[in-house]
Every structure is written in C-alpha cells, then in structure tokens.
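Raw contents of entry-v7.cif, mmCIF, C-alpha atoms:
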data_upload
#
loop_
_atom_site.label_atom_id
_atom_site.label_comp_id
_atom_site.auth_asym_id
_atom_site.auth_seq_id
_atom_site.Cartn_x
_atom_site.Cartn_y
_atom_site.Cartn_z
CA MET A 1 -3.07 152.52 -39.99
CA HIS A 2 -2.36 149.63 -42.38
CA ASN A 3 -2.10 146.06 -41.16
CA ASP A 4 1.62 146.06 -41.86
CA GLU A 5 2.06 149.14 -39.74
CA ILE A 6 -0.05 147.64 -36.96
CA SER A 7 1.94 144.43 -37.07
CA GLU A 8 5.22 146.37 -37.02
CA SER A 9 3.97 148.49 -34.17
CA GLN A 10 2.92 145.42 -32.17
CA GLU A 11 6.24 143.74 -32.83
CA SER A 12 8.09 146.86 -31.79
CA SER A 13 5.98 147.11 -28.64
CA GLN A 14 6.62 143.47 -27.77
CA LYS A 15 10.35 143.93 -28.18
CA HIS A 16 10.37 146.68 -25.61
CA VAL A 17 8.67 144.65 -22.86
CA ARG A 18 11.50 143.46 -20.68
CA LYS A 19 9.93 143.81 -17.26
CA VAL A 20 6.40 143.12 -16.02
CA ALA A 21 5.02 144.00 -12.60
CA PHE A 22 2.12 142.14 -11.05
CA ILE A 23 0.07 143.53 -8.19
CA LEU A 24 -1.77 140.74 -6.41
CA ALA A 25 -4.10 140.96 -3.43
CA THR A 26 -5.83 137.57 -3.48
CA GLY A 27 -4.94 135.04 -0.82
CA SER A 28 -4.31 131.33 -0.77
CA TYR A 29 -6.99 128.90 -1.87
CA GLN A 30 -9.67 131.54 -2.43
CA ARG A 31 -9.74 132.37 -6.10
CA GLU A 32 -8.05 131.70 -9.39
CA ALA A 33 -6.03 134.93 -9.45
CA PRO A 34 -2.83 133.54 -7.86
CA THR A 35 -2.91 130.62 -10.29
CA THR A 36 -3.27 133.06 -13.17
CA VAL A 37 -0.34 135.15 -11.96
CA LEU A 38 1.90 132.11 -11.60
CA ARG A 39 0.97 130.79 -15.04
CA LEU A 40 1.61 134.17 -16.65
CA ALA A 41 4.86 134.59 -14.71
CA GLU A 42 6.12 131.24 -15.92
CA LYS A 43 5.43 132.13 -19.55
CA LEU A 44 7.04 135.56 -19.19
CA LEU A 45 10.15 134.08 -17.59
CA GLU A 46 10.37 131.58 -20.44
CA ARG A 47 10.45 134.53 -22.83
CA GLY A 48 13.22 136.24 -20.91
CA ILE A 49 10.94 138.88 -19.41
CA GLU A 50 11.73 139.86 -15.84
CA VAL A 51 8.82 139.55 -13.41
CA ASN A 52 8.20 141.47 -10.22
CA VAL A 53 5.28 140.52 -8.01
CA TRP A 54 4.06 142.82 -5.28
CA ALA A 55 1.81 140.83 -2.96
CA PHE A 56 -0.37 142.58 -0.44
CA GLU A 57 -3.54 142.06 1.59
CA GLU A 58 -4.38 138.33 1.71
CA ALA A 59 -1.78 137.56 -0.97
CA VAL A 60 0.91 137.74 1.72
CA THR A 61 -0.25 134.29 2.84
CA LEU A 62 0.70 132.74 -0.50
CA THR A 63 4.35 132.68 0.55
CA ASN A 64 3.78 131.40 4.07
CA ARG A 65 6.43 128.69 4.39
CA ASP A 66 4.43 126.85 7.03
CA GLN A 67 1.77 125.60 4.64
CA ILE A 68 1.37 121.89 5.28
CA GLU A 69 0.74 119.34 2.57
CA HIS A 70 -2.03 117.60 4.47
CA ASN A 71 -4.06 114.50 3.77
CA GLU A 72 -7.61 114.86 2.51
CA PRO A 73 -10.50 113.53 4.64
CA PRO A 74 -10.81 109.75 4.15
CA SER A 75 -14.40 109.87 2.92
CA LEU A 76 -13.49 112.23 0.07
CA ARG A 77 -10.26 110.66 -1.13
CA GLU A 78 -12.00 108.75 -3.88
CA VAL A 79 -12.84 112.06 -5.55
CA LEU A 80 -10.13 114.41 -4.25
CA GLY A 81 -7.08 112.20 -4.04
CA ASP A 82 -4.85 111.82 -1.01
CA ARG A 83 -3.37 115.29 -0.89
CA HIS A 84 -2.63 118.42 -2.87
CA ALA A 85 0.41 120.63 -3.21
CA PRO A 86 0.53 123.97 -1.39
CA ILE A 87 0.83 127.04 -3.59
CA GLY A 88 3.98 128.22 -1.81
CA ARG A 89 5.89 125.32 -3.34
CA PHE A 90 5.15 126.56 -6.85
CA ILE A 91 6.15 130.13 -5.99
CA ASP A 92 9.39 128.85 -4.49
CA GLN A 93 10.13 126.90 -7.67
CA LEU A 94 9.45 129.92 -9.89
CA LEU A 95 11.79 132.01 -7.76
CA ARG A 96 14.46 129.36 -8.16
CA VAL A 97 14.14 129.54 -11.95
CA GLY A 98 15.84 132.92 -11.64
CA LEU A 99 19.02 131.34 -10.34
CA HIS A 100 19.92 130.26 -13.85
CA GLY A 101 17.66 132.40 -16.00
CA THR A 102 15.40 135.38 -16.01
CA LYS A 103 14.52 136.34 -12.50
CA MET A 104 11.30 136.85 -10.64
CA ASP A 105 11.19 138.92 -7.48
CA TRP A 106 8.35 138.43 -5.03
CA VAL A 107 7.83 141.20 -2.50
CA THR A 108 5.47 140.74 0.43
CA CYS A 109 3.93 143.87 1.93
CA ILE A 110 5.30 144.23 5.44
CA LEU A 111 2.20 145.88 6.89
CA CYS A 112 -0.14 143.20 5.51
CA ALA A 113 2.21 140.42 6.66
CA GLN A 114 2.47 141.86 10.16
CA GLU A 115 -1.30 142.23 10.43
CA ARG A 116 -1.70 138.56 9.55
CA GLY A 117 1.21 137.30 11.65
CA VAL A 118 3.08 135.87 8.68
CA GLU A 119 6.01 138.28 8.46
CA ARG A 120 8.39 135.73 10.02
CA HIS A 121 6.90 132.80 8.15
CA GLN A 122 7.77 133.77 4.59
CA ILE A 123 9.54 131.35 2.25
CA GLY A 124 13.21 132.05 1.70
CA GLY A 125 12.87 133.75 -1.66
CA ALA A 126 10.15 136.19 -0.68
CA ILE A 127 11.33 139.68 0.21
CA ILE A 128 9.54 141.70 2.86
CA GLY A 129 8.95 145.13 1.38
CA THR A 130 6.95 148.31 1.52
CA LEU A 131 4.57 150.34 -0.57
CA GLY A 132 7.68 152.11 -1.83
CA ASP A 133 8.67 148.87 -3.55
CA LEU A 134 5.26 148.71 -5.20
CA TRP A 135 5.75 152.09 -6.80
CA LYS A 136 9.32 151.32 -7.81
CA PHE A 137 8.04 148.16 -9.51
CA VAL A 138 5.35 150.18 -11.27
CA LYS A 139 7.78 152.88 -12.32
CA GLY A 140 10.32 150.39 -13.60
CA ALA A 141 7.92 148.11 -15.46
CA ASP A 142 7.11 148.08 -19.15
CA GLN A 143 3.73 146.57 -18.30
CA VAL A 144 1.78 146.49 -15.06
CA ILE A 145 -0.90 143.89 -14.38
CA ALA A 146 -3.04 144.47 -11.30
CA ILE A 147 -5.59 141.90 -10.22
CA PRO A 148 -8.16 143.25 -7.80
CA VAL A 149 -8.98 141.32 -4.67
CA TYR A 150 -12.40 140.13 -5.77
CA ARG A 151 -10.97 138.16 -8.73
CA MET B 1 -31.18 120.40 15.76
CA PRO B 2 -31.36 121.00 11.99
CA SER B 3 -31.76 117.79 10.04
CA ARG B 4 -32.23 119.28 6.58
CA ILE B 5 -29.99 121.97 5.15
CA LEU B 6 -30.20 123.81 1.86
CA VAL B 7 -26.76 124.72 0.51
CA ILE B 8 -26.78 127.40 -2.17
CA PHE B 9 -23.82 128.01 -4.46
CA GLU B 10 -23.68 131.22 -6.45
CA LYS B 11 -20.10 131.82 -7.51
CA PRO B 12 -17.85 129.02 -8.72
CA ILE B 13 -14.18 128.79 -7.82
CA TYR B 14 -11.78 126.93 -10.05
CA LEU B 15 -8.00 126.41 -9.87
CA SER B 16 -7.51 127.90 -6.44
CA PHE B 17 -4.86 125.29 -5.56
CA GLU B 18 -7.50 123.29 -3.74
CA PRO B 19 -8.60 120.08 -5.48
CA VAL B 20 -12.02 121.74 -5.85
CA ASP B 21 -13.82 124.78 -4.46
CA PRO B 22 -13.41 124.33 -0.68
CA HIS B 23 -17.08 125.12 -0.16
CA LEU B 24 -18.01 122.22 -2.41
CA PHE B 25 -15.51 120.10 -0.54
CA ALA B 26 -17.08 121.06 2.80
CA THR B 27 -20.57 120.34 1.53
CA ALA B 28 -19.56 116.94 0.18
CA LEU B 29 -18.08 116.06 3.54
CA GLY B 30 -21.40 116.91 5.19
CA VAL B 31 -23.20 114.68 2.71
CA ALA B 32 -20.85 111.74 3.18
CA ASP B 33 -20.06 111.91 6.88
CA THR B 34 -23.12 113.31 8.65
CA PRO B 35 -26.78 112.36 9.01
CA VAL B 36 -27.84 115.84 7.85
CA GLY B 37 -30.01 115.75 4.73
CA ILE B 38 -28.46 118.13 2.24
CA THR B 39 -30.02 119.72 -0.80
CA VAL B 40 -27.63 121.62 -3.03
CA LEU B 41 -28.99 124.45 -5.14
CA LEU B 42 -26.72 125.71 -7.91
CA LYS B 43 -27.61 129.15 -9.14
CA ASP B 44 -26.05 132.09 -11.01
CA SER B 45 -22.59 131.20 -12.35
CA ALA B 46 -22.32 128.19 -10.04
CA VAL B 47 -24.62 126.21 -12.35
CA THR B 48 -21.41 125.31 -14.20
CA TYR B 49 -20.64 122.95 -11.33
CA ALA B 50 -23.33 120.61 -12.66
CA VAL B 51 -21.91 120.37 -16.19
CA ALA B 52 -20.76 116.81 -16.74
CA ALA B 53 -17.86 117.29 -19.15
CA GLN B 54 -15.45 119.37 -17.11
CA GLU B 55 -11.71 119.05 -17.38
CA VAL B 56 -9.90 121.05 -14.73
CA SER B 57 -6.19 121.30 -15.29
CA ALA B 58 -3.33 123.76 -14.96
CA ARG B 59 0.37 123.11 -15.17
CA ILE B 60 3.13 125.24 -13.71
CA LEU B 61 6.74 124.32 -14.44
CA GLY B 62 5.46 121.06 -15.88
CA GLN B 63 3.60 120.06 -12.74
CA GLU B 64 -0.15 119.68 -12.54
CA ILE B 65 -1.55 121.80 -9.72
CA VAL B 66 -4.66 119.60 -9.57
CA GLU B 67 -2.89 116.39 -8.76
CA LYS B 68 -5.89 114.11 -9.04
CA ASP B 69 -8.29 114.16 -11.96
CA THR B 70 -11.04 115.92 -10.11
CA SER B 71 -13.67 118.51 -10.94
CA PRO B 72 -16.82 120.02 -9.43
CA ALA B 73 -18.84 117.60 -11.57
CA ARG B 74 -17.18 114.67 -9.83
CA LEU B 75 -18.14 116.14 -6.46
CA VAL B 76 -21.69 116.62 -7.70
CA SER B 77 -21.82 112.96 -8.75
CA PHE B 78 -20.31 111.98 -5.43
CA MET B 79 -22.93 113.91 -3.47
CA LEU B 80 -25.77 112.46 -5.55
CA SER B 81 -24.48 108.95 -4.97
CA HIS B 82 -24.37 109.63 -1.23
CA GLY B 83 -27.97 110.73 -0.98
CA ALA B 84 -27.90 114.47 -1.60
CA GLU B 85 -30.29 116.24 -3.89
CA VAL B 86 -28.66 118.56 -6.40
CA ARG B 87 -30.71 121.16 -8.22
CA ALA B 88 -29.69 123.73 -10.82
CA VAL B 89 -31.67 126.84 -11.68
CA GLY B 90 -33.04 126.54 -15.22
CA GLU B 91 -32.98 130.26 -15.99
CA ASP B 92 -29.30 130.49 -15.04
CA LEU B 93 -28.47 127.43 -17.14
CA ALA B 94 -30.33 128.92 -20.13
CA ALA B 95 -28.54 132.25 -19.74
CA ARG B 96 -25.25 130.39 -20.18
CA GLY B 97 -26.38 128.15 -23.02
CA ILE B 98 -26.22 125.03 -20.87
CA GLU B 99 -28.74 122.32 -21.77
CA ALA B 100 -30.20 119.81 -19.32
CA SER B 101 -28.49 117.12 -21.36
CA ASP B 102 -25.11 118.71 -20.50
CA LEU B 103 -25.58 118.05 -16.79
CA VAL B 104 -24.42 115.30 -14.49
CA PRO B 105 -27.17 112.63 -14.49
CA GLY B 106 -29.42 113.06 -11.48
CA VAL B 107 -29.19 116.86 -11.28
CA GLN B 108 -32.67 118.36 -11.24
CA VAL B 109 -33.37 121.49 -13.27
CA VAL B 110 -35.68 123.76 -11.28
CA PRO B 111 -37.15 127.22 -11.85
CA LEU B 112 -35.69 130.11 -9.87
CA SER B 113 -39.05 130.55 -8.13
CA ASP B 114 -38.54 127.18 -6.41
CA THR B 115 -35.81 128.77 -4.30
CA VAL B 116 -38.42 130.09 -1.89
CA SER B 117 -40.06 126.71 -1.34
CA ALA B 118 -36.64 125.10 -0.97
CA ILE B 119 -35.80 127.56 1.81
CA MET B 120 -39.11 126.83 3.52
CA GLU B 121 -38.64 123.06 3.27
CA ASN B 122 -35.30 123.09 5.06
CA ASP B 123 -34.24 123.80 8.64
CA GLY B 124 -31.32 125.98 7.66
CA VAL B 125 -29.63 127.60 4.68
CA ILE B 126 -25.96 127.97 3.86
CA VAL B 127 -25.10 130.33 1.02
CA TRP B 128 -21.58 130.08 -0.35
#
Could you quickly redo this structure as structure tokens?
Amino acid sequence: MHNDEISESQESSQKHVRKVAFILATGSYQREAPTTVLRLAEKLLERGIEVNVWAFEEAVTLTNRDQIEHNEPPSLREVLGDRHAPIGRFIDQLLRVGLHGTKMDWVTCILCAQERGVERHQIGGAIIGTLGDLWKFVKGADQVIAIPVYR
Amino acid sequence: MPSRILVIFEKPIYLSFEPVDPHLFATALGVADTPVGITVLLKDSAVTYAVAAQEVSARILGQEIVEKDTSPARLVSFMLSHGAEVRAVGEDLAARGIEASDLVPGVQVVPLSDTVSAIMENDGVIVW
C-alpha cells in the first residue's frame, strides 16, 4: 500500500470513530490507569467523540461521592501541600461537559458496587449498571479500550 | 520493638491522584514522625524515584491533578534530610540508563547483592 493510500485509509478510519468505550477495573489512588482514562476521555470529548466508561471491580470506588478532600499530615505539608483533589470531582466535571457538548456516560457495575458497599454512594452522574451494559457499550463502540487491573 | 526498618520499593506509582505514591508518603511519615530508623532501598523500576529531575504533572479540564509541585524525588530529598538512608540498586539503574549523577544528592548506589546484608542489618522489612 502506498503512503497516500495509508494516509487516506487512516483518515477514513478516524472519521468513522464516533464512539469509544473504556473498560476500567483499577480503583482510586492505586495506579495511573484512571488518570489515563480521564485524560483520554477529555481529549475524545473535545473532538466530538462520545465516551462510554464501564467501571468494575475496584474502579467502582472512583465515583464514590463520599470522598473527602482531607488535609495532609502536618509534617509532610512542606512537600505534599495542604490537600489534594479527589478523583471523583474530575469525573463529575467530565460528565457535566456532556450537558453542553459531547457526552460521556459512566456506568458502575452493580455487583462490584454492592460488594464494596458503594452502590448508594455514587456521584449523581454515575449510572448503576450491569454486565449487559458492558457488552452493549462494546457492541456499539467504534473503538474499545480495556485497561487491565494490574495497570 | 523494631528500631530499624528496611523499606523496599519495587514498582513506582505516578499520577494516581495522590500527591505521590501513598507508600512513599507513608514511609516519609515514618521517617519524619517516628523514632524508627528507616533505610529505603529502591530497586527494579522504583529506582526512578531517586532521579532528581522529575516533573510530575497532569491536567484535566485545565486543572492540575497534582496541586502542589511535588514528586517522588522531593520525598526522597525530604527523607534524606530527616535522617533516612536511601539506596538505589546500581544494576537496576544501569538497566534503565540512569547515571549516579542523575540522582538526588545523598542517594547511595549499591549492588543488588547488598540487599541480603540490608535485610540482616534491620529488625524488619516492608516491601511495597
């Protein structure tokens, strides 16, 4: 295939991506994966690409509305600062972007949330869902990005 | 009661929405707030924690998720200044192309074989 054909093919492929599904299993404050998903989601939304996130296993804690923006221990404030923002706040803000632009849906696995006692503690924009939603997201997506739990 | 603890880091964590890896955070608190003598051994990929010139930053919707300019290197400096020993395994540094001159001043470069003696010298070991 010539470069022109490759470029045309890539451009054509890019034009057809209108919906991306993320599958995320990593919980709060453990790894970089949730940060990566949020950064990618933001860029996709900016490009008008719809984002669906299916959060399961420990990732159901990311949208726990009861995260508290606590103070850091006094002896470490000189290096850590006074406090840091909880991840749920950023997810909430990305969900709100969809009010006036391309939307992101965030579905929390009901079984995983119940196991961890966070089913009734989800932020307003998170939707409690099932494995059926996962497969509907996968079926409806132009691209699927799954990040395994150890990332 | 243990008075000397060896803390081994193997896998680094960046940008987890904590200011730094919470294990590093917990270790630094032990160094600053307790009488326990702490030796930190950085091995495998965690040797990157000792690299001086780290800039940790990520922005989402225009907001920095790491609100204060912090990095593992700053915690390493902090622990050194509060009496901890910090060692990095030379073989693991070499495997990643990291020179001793890249490290936070005060970090000791040690051979992997020193891990055994470090374990023997201490009353307890924490592996993160």
Please identify all polymer residues within 12 Å of Glu78 in chain A, counting all atoms listed in the file, omitting same-chain residues fewer than 5 positions from it, and present them as a PyMOL selection string. (chain A and resi 72-73+83) or (chain B and resi 19+28+32+68-70+74-75+77-78)
Among the residues B:Ile5, B:Val40, B:Ile65, B:Thr27, the one that comes closest to Glu32 in chain A [using all atoms listed in the file]: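 The answer is B:Ile65, which sits nearest to Glu32 in chain A.
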Interatomic distance between CA of Phe137 in chain A and CA of Thr61 in chain A? 20.3 Å
Using the chain letters and residue numbers of this document, give as a PyMOL selection string the residues selected by the PyMOL selection byres ((chain A) within 12 of (chain B)). chain A and resi 26-43+45-46+62+69-97+150-151
Running the PyMOL selection byres ((chain B and resi 128) around 7) on this model by hand, what would come out? Give it as JSON, numbers by chain. {"B": [8, 9, 10, 23, 126, 127]}
Which protein, DNA or RNA residues are at most 8 Å from (9.9, 144.3, -19.2) in the file's coordinates when you count all atoms listed in the file, listed as a VMD selection string? chain A and resid 16 to 20 49 to 51 141 to 143
Suppose a student applies the PyMOL selection byres ((chain B and resi 100) around 12) to this structure; what residues should they get, written as a count of residues only? 27
Can you tell me, as a PDB file with C-alpha atoms, keeping the file's coordinate frame, what residues are no more than 7 Å from Asp123 in chain B when counting all atoms listed in the file, ignoring any on the same chain fewer than 4 positions away?
ATOM      1  CA  PRO B   2     -31.360 121.000  11.990  1.00  0.00           C
ATOM      2  CA  SER B   3     -31.760 117.790  10.040  1.00  0.00           C
ATOM      3  CA  ARG B   4     -32.230 119.280   6.580  1.00  0.00           C
ATOM      4  CA  ILE B   5     -29.990 121.970   5.150  1.00  0.00           C
TER       5      ILE B   5
END
Which distance in Å separates CA of Gly101 in chain A and CA of Asn64 in chain A, to one decimal?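 Distance reported for this atom pair: 24.4 Å.
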In terms of the shortest atom-to-atom distance over only C-alpha atoms, which of A:Lys103, A:Glu57, A:Gly98, A:Thr108 is closest to Ile123 in chain A?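 Among A:Lys103, A:Glu57, A:Gly98, A:Thr108, it is A:Thr108 that comes nearest to Ile123 in chain A.
CA of Ser57 in chain B is positioned 26.5 Å from CA of Ala126 in chain A.
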Find the residue from A:Ala113, A:Arg120, A:His100, A:Ile23 that sits nearest to Val138 in chain A; use only C-alpha atoms when measuring.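 Going through A:Ala113, A:Arg120, A:His100, A:Ile23 one by one, the smallest distance to Val138 in chain A is for A:Ile23.
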Padded axis-aligned box of range 110-121 of chain B (6 Å per side), centre and edge lengths, Å, one decimal, as AutoDock Vina command-line options:
--center_x -37.9 --center_y 126.8 --center_z -4.2 --size_x 16.4 --size_y 19.5 --size_z 27.4
Residue completion, range 116-136 of chain A, N, CA and C atoms, as a compact mmCIF listing (two decimals), in the coordinates of the input:
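As a result, result.txt now contains:
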# COMPACT_ATOMS: atom_id res chain seq x y z
N ARG A 116 -1.26 139.96 9.62
CA ARG A 116 -1.70 138.56 9.55
C ARG A 116 -0.76 137.61 10.27
N GLY A 117 0.28 138.14 10.87
CA GLY A 117 1.21 137.30 11.65
C GLY A 117 2.07 136.38 10.81
N VAL A 118 2.28 136.75 9.55
CA VAL A 118 3.08 135.87 8.68
C VAL A 118 4.41 136.49 8.26
N GLU A 119 4.76 137.61 8.86
CA GLU A 119 6.01 138.28 8.46
C GLU A 119 7.21 137.36 8.64
N ARG A 120 7.23 136.60 9.73
CA ARG A 120 8.39 135.73 10.02
C ARG A 120 8.19 134.32 9.49
N HIS A 121 7.20 134.15 8.67
CA HIS A 121 6.90 132.80 8.15
C HIS A 121 7.00 132.75 6.63
N GLN A 122 7.69 133.72 6.05
CA GLN A 122 7.77 133.77 4.59
C GLN A 122 8.81 132.78 4.06
N ILE A 123 8.56 132.24 2.88
CA ILE A 123 9.54 131.35 2.25
C ILE A 123 10.81 132.14 1.97
N GLY A 124 11.90 131.41 1.80
CA GLY A 124 13.21 132.05 1.70
C GLY A 124 13.33 133.09 0.60
N GLY A 125 12.70 132.85 -0.52
CA GLY A 125 12.87 133.75 -1.66
C GLY A 125 12.02 135.00 -1.62
N ALA A 126 11.03 135.02 -0.75
CA ALA A 126 10.15 136.19 -0.68
C ALA A 126 10.85 137.32 0.08
N ILE A 127 10.69 138.52 -0.40
CA ILE A 127 11.33 139.68 0.21
C ILE A 127 10.25 140.52 0.89
N ILE A 128 10.47 140.81 2.16
CA ILE A 128 9.54 141.70 2.86
C ILE A 128 9.80 143.13 2.38
N GLY A 129 8.76 143.80 1.93
CA GLY A 129 8.95 145.13 1.38
C GLY A 129 7.84 146.09 1.79
N THR A 130 7.88 147.24 1.16
CA THR A 130 6.95 148.31 1.52
C THR A 130 6.18 148.80 0.30
N LEU A 131 5.28 149.72 0.54
CA LEU A 131 4.57 150.34 -0.57
C LEU A 131 5.53 151.06 -1.51
N GLY A 132 6.66 151.49 -0.97
CA GLY A 132 7.68 152.11 -1.83
C GLY A 132 8.15 151.15 -2.91
N ASP A 133 8.27 149.87 -2.55
CA ASP A 133 8.67 148.87 -3.55
C ASP A 133 7.59 148.72 -4.63
N LEU A 134 6.34 148.78 -4.21
CA LEU A 134 5.26 148.71 -5.20
C LEU A 134 5.46 149.78 -6.27
N TRP A 135 5.67 151.00 -5.83
CA TRP A 135 5.75 152.09 -6.80
C TRP A 135 7.05 152.06 -7.59
N LYS A 136 8.09 151.51 -7.02
CA LYS A 136 9.32 151.32 -7.81
C LYS A 136 9.11 150.25 -8.87
